[in-house]
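S.K.: One structure, as structure tokens, below. Some questions next.
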Amino acid sequence: MEIIHLSAECYPVAKAGGLGDVVGALPKYQCKAGHIAKVVMPMYRTKFLYDNEWTVDFKGNTNLGNWFFDYTVIKEKTNKLGFDLYLIDINGLLDRHKIYGYDDDSERFTAFQIAFVNWLTHWEHRPDIIHCHDYHTGLIPFMMQYCYDYNNLRQIPTVLTIHNAQYQGWMGWDKSKYIPRWDLWKRGMLDWNDTINPLASAIKCAAKVTTVSWSYMQELRHHSNGLEKLFEYEQGKCVGILNGIDNEVWDPETDRYIQHHYGVKNADKGKAQNKALLCERFGLDPEKPLFIFIGRMVGEKAADILPAAIRRAIDQTGGQASFLVLGSGETQVEWEFQQMVVPYAGVYQAVIGYDEALSHQMYAGADFLLMPSRVEPCGLNQMYSLRYGTVPIVRSTGGLQDTVVDMGDPDGFGIRFNHASVEDLVYSMNRAMELYRDKTHLQWMRKYMMEIDHSWEATVDEYIHVYKSLI
Ligand code: ADP
């Protein structure tokens with residue numbers, strides 16, 4: 001089977017969060033399972049672009065409304081990621097340093113999608129499946145169905161995977177001129193609440209919709225930033241498939257970013273060595289339990305309640321625990337995290353920014369990972385932390401609920417709580433500190449967590465099953 005993945009992110013080319021990890025891994029494991037999976041994404045100015053060699057695969061031209069543009073499709077020469085990687089270059093529009101966050105993101109991603117379908121019409125053969133990821137590629141199912149210029153693509157089934165339904169790519173109807181000549185009777189397939197909504201359009205037009213965990217699938221019918229009724233209506237074509245993790249990248253025995261490698265057998269020693277390094281670097285005491293947070297500092301992740309919770313936990317225990325946070329996001333939240341560095345020196349540190357290497361060292365060296373998320377479609381951090389023997393402390397929502405069992409339950413290996421509140425979080429940290437004192441229980445838990453299999457090998461078949469149902 002030949003599958004084309006379309007995405008705004010793909011690790012290690014360009015990553016802002018879990019979407020990048022998934023699109024960097026799922027195609028690789030689909031190829032390993034004997035299929036042909038390819039990734040097509042925008043060409044940003046990333047380190048990966050400059051560090052690798054490329055061949056020009058196609059040159060074409062098309063238009064975004066009145067703006068006519070040339071595009072170039074380049075392909076990575078060596079297949080080093082385990083799948084064919086294609087980047088679409090649109091001069092002046094896509095070739096920038098950041099993935100998102102520009103005023104003309106609507107134009108950038110719409111032009112990317114138009115260039116892709118335009119390129120696809122020139123292929124000599126047809127792939128079996130077009131697999132779109134999130135709203136940045138959400139207009140493709142519509143265009144393949146209802147744009148006159150792409151009639152020859154109509155028969156190819158499309159699948160949409162929703163990694164995050166909070167972001168939908170809303171565009172005013174004045175931008176409908178961007179979409180190449182389309183059947184105006186199909187306006188309803190683009191529209192949701194009087195705007196062009198690329199995510200809603202993809203849910204309507206794709207043959208199948210998957211979400212990245214089972215619980216998230218259910219939650220979307222009640223909380224999906226305005227799309228609740230659509231999810232209710234389309235539930236027949238929706239499937240929840242839990243994300244996997246790339247065990248080759250995320251393996252404490254081989255991880256190139258960590259100093260001391262370890263496996264299940266020497267986890268206590270390996271973690272202690274990595275923790276010592278982290279504590280030395282950030283001026284923390286390695287004897288105390290180390291809690292970490294890694295992620296976007298935004299409302300979805302409930303990062304806003306963390307500063308108060310950390311302060312209270314430190315004050316209540318007289319500084320008996322250490323905290324290290326890594327992330328970036330809302331200015332106010334970043335500022336709060338930064339403000340605490342001086343008053344809580346010795347027990348707290350914050351790194352504001354994105355640091356792939358440090359994140360790996362933190363999963364390896366920490367005792368506990370904090371994830372109080374309000375919304376968590378799947379969550380990869382908790383799965384990485386399981387693999388690295390770090391106990392996850394999570395709110396019971398979405399994928400967190402599907403992957404963590406509270407230690408109070410039989411064979412439980414994590415800590416779960418219900419409300420994204422300072423009280424629930426501090427209470428859970430206290431439970432963690434008790435666990436930290438009970439070394440035998442903690443050691444058992446580490447071993448148990450590290451042996452849980454969340455590999456993609458176990459999940460790839462579920463996607464293949466979805467594709468097969470469409471062919
Ligand atoms: P998201 O909603 O952000 O996609 P996920 O849990 O699905 O959340 O995935 C987050 C991924 O991004 C993980 O690989 C995590 O380690 C990584 N990550 C998030 N923030 C940072 C950061 N500031 N530095 C390094 N890695 C980060």
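How things are named: the first chain in the structure tokens is A, the next is B, and so on; residues count from 1 in each chain; ligands count from 1 in the order shown.
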If we count only C-alpha atoms and set the cut-off at 10 Å, which residues sit around Gln155 (chain A), ignoring sequence neighbours fewer than 6 positions away in its own chain? Please answer as a list in words.
M.R.: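 Residues meeting the cut-off are Arg126, Asp128, Ile129, Met144, Gln145 and Ile471 of chain A.
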S.K.: Taking only C-alpha atoms and all ligand atoms into account, which residues are within 6 Å of ligand 1, as number ranges by chain?
M.R.: A: 17-19, 294-296, 326-328, 353-356, 359, 379-381
S.K.: Take the selection from the previous step and output its residues with N, CA, C and O atoms, as a tab-separated table (two decimals), in the first residue's frame.
M.R.:
chain	number	residue	atom	x	y	z
A	17	GLY	N	5.75	20.03	18.49
A	17	GLY	CA	5.11	19.23	19.54
A	17	GLY	C	4.86	17.82	19.05
A	17	GLY	O	5.58	17.31	18.16
A	18	GLY	N	3.84	17.19	19.60
A	18	GLY	CA	3.58	15.78	19.34
A	18	GLY	C	3.32	15.45	17.88
A	18	GLY	O	3.67	14.36	17.42
A	19	LEU	N	2.71	16.37	17.14
A	19	LEU	CA	2.45	16.13	15.71
A	19	LEU	C	3.76	15.76	14.99
A	19	LEU	O	3.80	14.81	14.20
A	294	ILE	N	7.59	19.53	31.02
A	294	ILE	CA	8.14	19.85	29.69
A	294	ILE	C	6.94	20.11	28.78
A	294	ILE	O	6.04	19.27	28.70
A	295	GLY	N	6.89	21.26	28.14
A	295	GLY	CA	5.78	21.44	27.20
A	295	GLY	C	5.44	22.87	26.93
A	295	GLY	O	6.08	23.80	27.43
A	296	ARG	N	4.41	23.01	26.13
A	296	ARG	CA	3.94	24.34	25.77
A	296	ARG	C	3.29	24.98	26.99
A	296	ARG	O	2.47	24.35	27.66
A	326	LEU	N	10.70	23.15	31.58
A	326	LEU	CA	11.22	23.50	30.26
A	326	LEU	C	10.04	23.74	29.33
A	326	LEU	O	9.16	22.89	29.22
A	327	GLY	N	10.01	24.90	28.71
A	327	GLY	CA	8.93	25.15	27.76
A	327	GLY	C	8.84	26.61	27.39
A	327	GLY	O	9.61	27.44	27.86
A	328	SER	N	7.88	26.88	26.53
A	328	SER	CA	7.62	28.27	26.16
A	328	SER	C	6.17	28.36	25.76
A	328	SER	O	5.51	27.35	25.52
A	353	GLY	N	12.11	28.09	26.54
A	353	GLY	CA	12.58	27.88	25.16
A	353	GLY	C	12.34	26.44	24.76
A	353	GLY	O	11.67	25.69	25.48
A	354	TYR	N	12.88	26.09	23.61
A	354	TYR	CA	12.73	24.73	23.11
A	354	TYR	C	14.10	24.07	23.07
A	354	TYR	O	15.04	24.63	22.50
A	355	ASP	N	14.26	22.93	23.73
A	355	ASP	CA	15.57	22.29	23.79
A	355	ASP	C	15.38	20.77	23.77
A	355	ASP	O	15.08	20.15	24.79
A	356	GLU	N	15.52	20.21	22.57
A	356	GLU	CA	15.28	18.77	22.39
A	356	GLU	C	16.23	17.95	23.30
A	356	GLU	O	15.80	17.03	23.99
A	359	SER	N	15.34	18.07	26.93
A	359	SER	CA	14.11	17.33	27.26
A	359	SER	C	14.44	15.84	27.48
A	359	SER	O	13.95	15.22	28.43
A	379	GLY	N	-0.93	12.92	24.18
A	379	GLY	CA	0.16	13.16	25.13
A	379	GLY	C	1.25	12.15	24.86
A	379	GLY	O	1.02	10.93	24.88
A	380	LEU	N	2.44	12.66	24.57
A	380	LEU	CA	3.56	11.74	24.35
A	380	LEU	C	4.50	11.79	25.56
A	380	LEU	O	5.14	10.79	25.89
A	381	ASN	N	4.54	12.94	26.22
A	381	ASN	CA	5.47	13.09	27.35
A	381	ASN	C	5.32	11.97	28.37
A	381	ASN	O	6.31	11.44	28.86
S.K.: What lies within 9 Å of region 262-278 of chain A using only C-alpha atoms, ignoring chain neighbours under 4 positions off, as number ranges by chain?
M.R.: A: 251-254, 258, 282-287, 290, 361-362, 364-367, 388-390, 443, 446-448, 450-451
S.K.: Would you export the selected residues with N, CA, C and O atoms as a short mmCIF file (atom, residue, chain, number, x, y, z; two decimals), in the first residue's frame, please?
M.R.:
data_model
loop_
_atom_site.label_atom_id
_atom_site.label_comp_id
_atom_site.auth_asym_id
_atom_site.auth_seq_id
_atom_site.Cartn_x
_atom_site.Cartn_y
_atom_site.Cartn_z
N ASP A 251 14.93 5.69 23.62
CA ASP A 251 15.39 4.47 24.27
C ASP A 251 16.51 4.84 25.24
O ASP A 251 17.60 5.24 24.80
N PRO A 252 16.29 4.69 26.55
CA PRO A 252 17.33 5.11 27.50
C PRO A 252 18.63 4.30 27.37
O PRO A 252 19.67 4.71 27.88
N GLU A 253 18.58 3.18 26.63
CA GLU A 253 19.81 2.39 26.47
C GLU A 253 20.69 2.96 25.36
O GLU A 253 21.89 2.67 25.31
N THR A 254 20.09 3.74 24.45
CA THR A 254 20.88 4.23 23.31
C THR A 254 20.72 5.73 23.05
O THR A 254 21.41 6.27 22.18
N ILE A 258 21.43 11.54 26.02
CA ILE A 258 21.67 11.39 27.47
C ILE A 258 23.07 10.86 27.75
O ILE A 258 23.66 10.13 26.94
N PHE A 282 21.76 22.59 37.21
CA PHE A 282 20.74 23.58 37.58
C PHE A 282 20.76 23.93 39.08
O PHE A 282 19.84 24.56 39.59
N GLY A 283 21.81 23.49 39.78
CA GLY A 283 21.96 23.86 41.18
C GLY A 283 20.87 23.27 42.08
O GLY A 283 20.36 23.94 42.99
N LEU A 284 20.52 22.01 41.85
CA LEU A 284 19.48 21.36 42.66
C LEU A 284 20.10 20.24 43.48
O LEU A 284 21.20 19.76 43.17
N ASP A 285 19.38 19.79 44.50
CA ASP A 285 19.90 18.75 45.39
C ASP A 285 19.46 17.37 44.89
O ASP A 285 18.26 17.07 44.87
N PRO A 286 20.41 16.50 44.50
CA PRO A 286 20.03 15.20 43.94
C PRO A 286 19.36 14.25 44.95
O PRO A 286 18.79 13.23 44.55
N GLU A 287 19.46 14.56 46.22
CA GLU A 287 18.83 13.69 47.22
C GLU A 287 17.31 13.85 47.24
O GLU A 287 16.58 12.96 47.65
N LEU A 290 12.89 14.83 42.25
CA LEU A 290 12.92 15.85 41.20
C LEU A 290 11.67 15.77 40.33
O LEU A 290 11.42 14.75 39.68
N GLN A 361 17.30 14.57 28.49
CA GLN A 361 18.03 14.44 29.77
C GLN A 361 17.07 14.53 30.95
O GLN A 361 17.25 13.86 31.96
N MET A 362 16.04 15.35 30.77
CA MET A 362 15.08 15.50 31.87
C MET A 362 14.23 14.24 32.06
O MET A 362 14.00 13.80 33.18
N ALA A 364 15.17 11.36 31.47
CA ALA A 364 16.07 10.34 32.04
C ALA A 364 16.40 10.61 33.50
O ALA A 364 16.50 9.68 34.30
N GLY A 365 16.55 11.89 33.86
CA GLY A 365 17.05 12.18 35.20
C GLY A 365 15.98 12.46 36.25
O GLY A 365 16.27 12.45 37.45
N ALA A 366 14.75 12.68 35.82
CA ALA A 366 13.73 13.09 36.79
C ALA A 366 13.12 11.89 37.52
O ALA A 366 13.22 10.75 37.06
N ASP A 367 12.47 12.18 38.63
CA ASP A 367 11.70 11.15 39.33
C ASP A 367 10.24 11.20 38.91
O ASP A 367 9.59 10.17 38.78
N TYR A 388 11.32 5.89 30.31
CA TYR A 388 12.55 6.30 30.99
C TYR A 388 12.45 6.10 32.51
O TYR A 388 13.30 6.56 33.26
N GLY A 389 11.37 5.43 32.94
CA GLY A 389 11.24 5.09 34.37
C GLY A 389 10.91 6.29 35.25
O GLY A 389 11.23 6.30 36.44
N THR A 390 10.28 7.30 34.68
CA THR A 390 9.90 8.50 35.43
C THR A 390 8.40 8.46 35.67
O THR A 390 7.62 8.32 34.71
N GLN A 443 10.96 1.29 43.05
CA GLN A 443 11.79 0.46 42.16
C GLN A 443 10.93 -0.50 41.34
O GLN A 443 11.12 -0.67 40.13
N ARG A 446 9.21 1.54 38.58
CA ARG A 446 10.10 1.89 37.46
C ARG A 446 10.23 0.74 36.48
O ARG A 446 10.09 0.91 35.28
N LYS A 447 10.45 -0.43 37.04
CA LYS A 447 10.64 -1.60 36.20
C LYS A 447 9.36 -1.86 35.39
O LYS A 447 9.40 -2.08 34.18
N TYR A 448 8.26 -1.79 36.09
CA TYR A 448 6.97 -2.07 35.46
C TYR A 448 6.70 -1.07 34.31
O TYR A 448 6.33 -1.46 33.20
N MET A 450 8.83 0.75 32.61
CA MET A 450 9.77 0.68 31.49
C MET A 450 9.48 -0.50 30.57
O MET A 450 9.91 -0.51 29.42
N GLU A 451 8.74 -1.47 31.10
CA GLU A 451 8.44 -2.65 30.28
C GLU A 451 7.13 -2.52 29.50
O GLU A 451 6.80 -3.38 28.68
#
S.K.: Identify all residues of region 42-248 of chain A in strand (DSSP E) (DSSP on the backbone) and supply them as an MDAnalysis selection string.
M.R.: chainID A and resid 42 54:64 67:76 84:89 129:133 158:162 191:192 195:196 208:211 238:240
S.K.: Contacts of Asn430 (chain A) at 9 Å or less, counting only C-alpha atoms, minus same-chain residues fewer than 5 places along, as a list of chain:residue names?
M.R.: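 Skipping anything fewer than 5 positions along the chain leaves A:Ala313, A:Thr317, A:Leu425, A:Leu435.
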S.K.: Could you name the residues that touch Tyr100 (chain A) at 12 Å or less, counting only C-alpha atoms, but leaving out those on the same chain fewer than 6 positions away, as an MDAnalysis selection string?
M.R.: chainID A and resid 8:9 14:17 42 44 93:94 106:109 136 167 169
S.K.: Take the residues just selected and output them with C-alpha atoms as an mmCIF file, in the first residue's frame.
M.R.:
data_model
loop_
_atom_site.group_PDB
_atom_site.id
_atom_site.type_symbol
_atom_site.label_atom_id
_atom_site.label_comp_id
_atom_site.auth_asym_id
_atom_site.auth_seq_id
_atom_site.Cartn_x
_atom_site.Cartn_y
_atom_site.Cartn_z
ATOM 1 C CA ALA A 8 3.129 20.825 8.873
ATOM 2 C CA GLU A 9 5.625 19.051 11.168
ATOM 3 C CA ALA A 14 10.656 20.487 11.982
ATOM 4 C CA LYS A 15 8.891 19.876 15.275
ATOM 5 C CA ALA A 16 6.832 22.028 17.616
ATOM 6 C CA GLY A 17 5.115 19.227 19.543
ATOM 7 C CA PRO A 42 6.464 22.616 3.671
ATOM 8 C CA TYR A 44 11.054 25.725 6.153
ATOM 9 C CA LEU A 93 5.978 32.032 1.753
ATOM 10 C CA LEU A 94 7.108 28.762 3.301
ATOM 11 C CA SER A 106 -3.645 30.892 6.281
ATOM 12 C CA GLU A 107 -2.042 31.847 2.986
ATOM 13 C CA ARG A 108 1.072 29.779 3.684
ATOM 14 C CA PHE A 109 -0.731 26.541 4.456
ATOM 15 C CA HIS A 136 -2.922 22.688 8.139
ATOM 16 C CA TYR A 167 -6.768 24.759 16.382
ATOM 17 C CA GLY A 169 -7.479 27.207 10.876
#
S.K.: Could you please write out, as an NGL selection string, every residue of region 265-333 of chain A that DSSP assigns to alpha helix (DSSP H)?
M.R.: :A and (267-282 or 306-317 or 331-333)
S.K.: For region 189-200 of chain A, work out the shell of residues within 6 Å, counting only C-alpha atoms and skipping chain neighbours fewer than 2 positions away, then give it as a PyMOL selection string.
M.R.: chain A and resi 135+138-139+168-173+186-187+202-203
S.K.: Export, as a PDB file, in the first residue's frame, the selected residues with N, CA and C atoms.
M.R.:
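Output contents, as saved in selection_4.pdb:
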ATOM      1  N   TYR A 135      -5.347  20.605  10.942  1.00  0.00           N
ATOM      2  CA  TYR A 135      -6.036  21.540  10.051  1.00  0.00           C
ATOM      3  C   TYR A 135      -5.139  22.103   8.946  1.00  0.00           C
ATOM      4  N   GLY A 138      -6.033  20.351   6.094  1.00  0.00           N
ATOM      5  CA  GLY A 138      -7.449  19.984   6.141  1.00  0.00           C
ATOM      6  C   GLY A 138      -8.260  20.353   4.910  1.00  0.00           C
ATOM      7  N   LEU A 139      -7.726  21.203   4.020  1.00  0.00           N
ATOM      8  CA  LEU A 139      -8.495  21.557   2.822  1.00  0.00           C
ATOM      9  C   LEU A 139      -8.289  20.550   1.696  1.00  0.00           C
ATOM     10  N   GLN A 168      -8.206  25.180  14.464  1.00  0.00           N
ATOM     11  CA  GLN A 168      -9.011  24.720  13.331  1.00  0.00           C
ATOM     12  C   GLN A 168      -8.720  25.460  12.035  1.00  0.00           C
ATOM     13  N   GLY A 169      -7.893  26.506  12.102  1.00  0.00           N
ATOM     14  CA  GLY A 169      -7.479  27.207  10.876  1.00  0.00           C
ATOM     15  C   GLY A 169      -8.529  28.130  10.288  1.00  0.00           C
ATOM     16  N   TRP A 170      -9.443  28.622  11.116  1.00  0.00           N
ATOM     17  CA  TRP A 170     -10.549  29.467  10.634  1.00  0.00           C
ATOM     18  C   TRP A 170     -10.078  30.539   9.644  1.00  0.00           C
ATOM     19  N   MET A 171     -10.876  30.729   8.582  1.00  0.00           N
ATOM     20  CA  MET A 171     -10.590  31.786   7.594  1.00  0.00           C
ATOM     21  C   MET A 171     -11.906  32.433   7.219  1.00  0.00           C
ATOM     22  N   GLY A 172     -11.888  33.742   7.029  1.00  0.00           N
ATOM     23  CA  GLY A 172     -13.100  34.435   6.593  1.00  0.00           C
ATOM     24  C   GLY A 172     -13.483  33.981   5.183  1.00  0.00           C
ATOM     25  N   TRP A 173     -14.755  34.146   4.845  1.00  0.00           N
ATOM     26  CA  TRP A 173     -15.201  33.719   3.516  1.00  0.00           C
ATOM     27  C   TRP A 173     -14.567  34.535   2.397  1.00  0.00           C
ATOM     28  N   LYS A 186     -21.138  23.163  -3.070  1.00  0.00           N
ATOM     29  CA  LYS A 186     -20.538  22.442  -1.942  1.00  0.00           C
ATOM     30  C   LYS A 186     -20.021  23.379  -0.858  1.00  0.00           C
ATOM     31  N   ARG A 187     -20.494  24.582  -0.856  1.00  0.00           N
ATOM     32  CA  ARG A 187     -20.076  25.572   0.149  1.00  0.00           C
ATOM     33  C   ARG A 187     -20.168  25.006   1.570  1.00  0.00           C
ATOM     34  N   ALA A 202     -12.332  19.031   6.698  1.00  0.00           N
ATOM     35  CA  ALA A 202     -11.679  17.725   6.565  1.00  0.00           C
ATOM     36  C   ALA A 202     -12.501  16.634   7.256  1.00  0.00           C
ATOM     37  N   ILE A 203     -13.133  16.985   8.376  1.00  0.00           N
ATOM     38  CA  ILE A 203     -13.957  15.981   9.067  1.00  0.00           C
ATOM     39  C   ILE A 203     -15.136  15.590   8.159  1.00  0.00           C
TER      40      ILE A 203
END
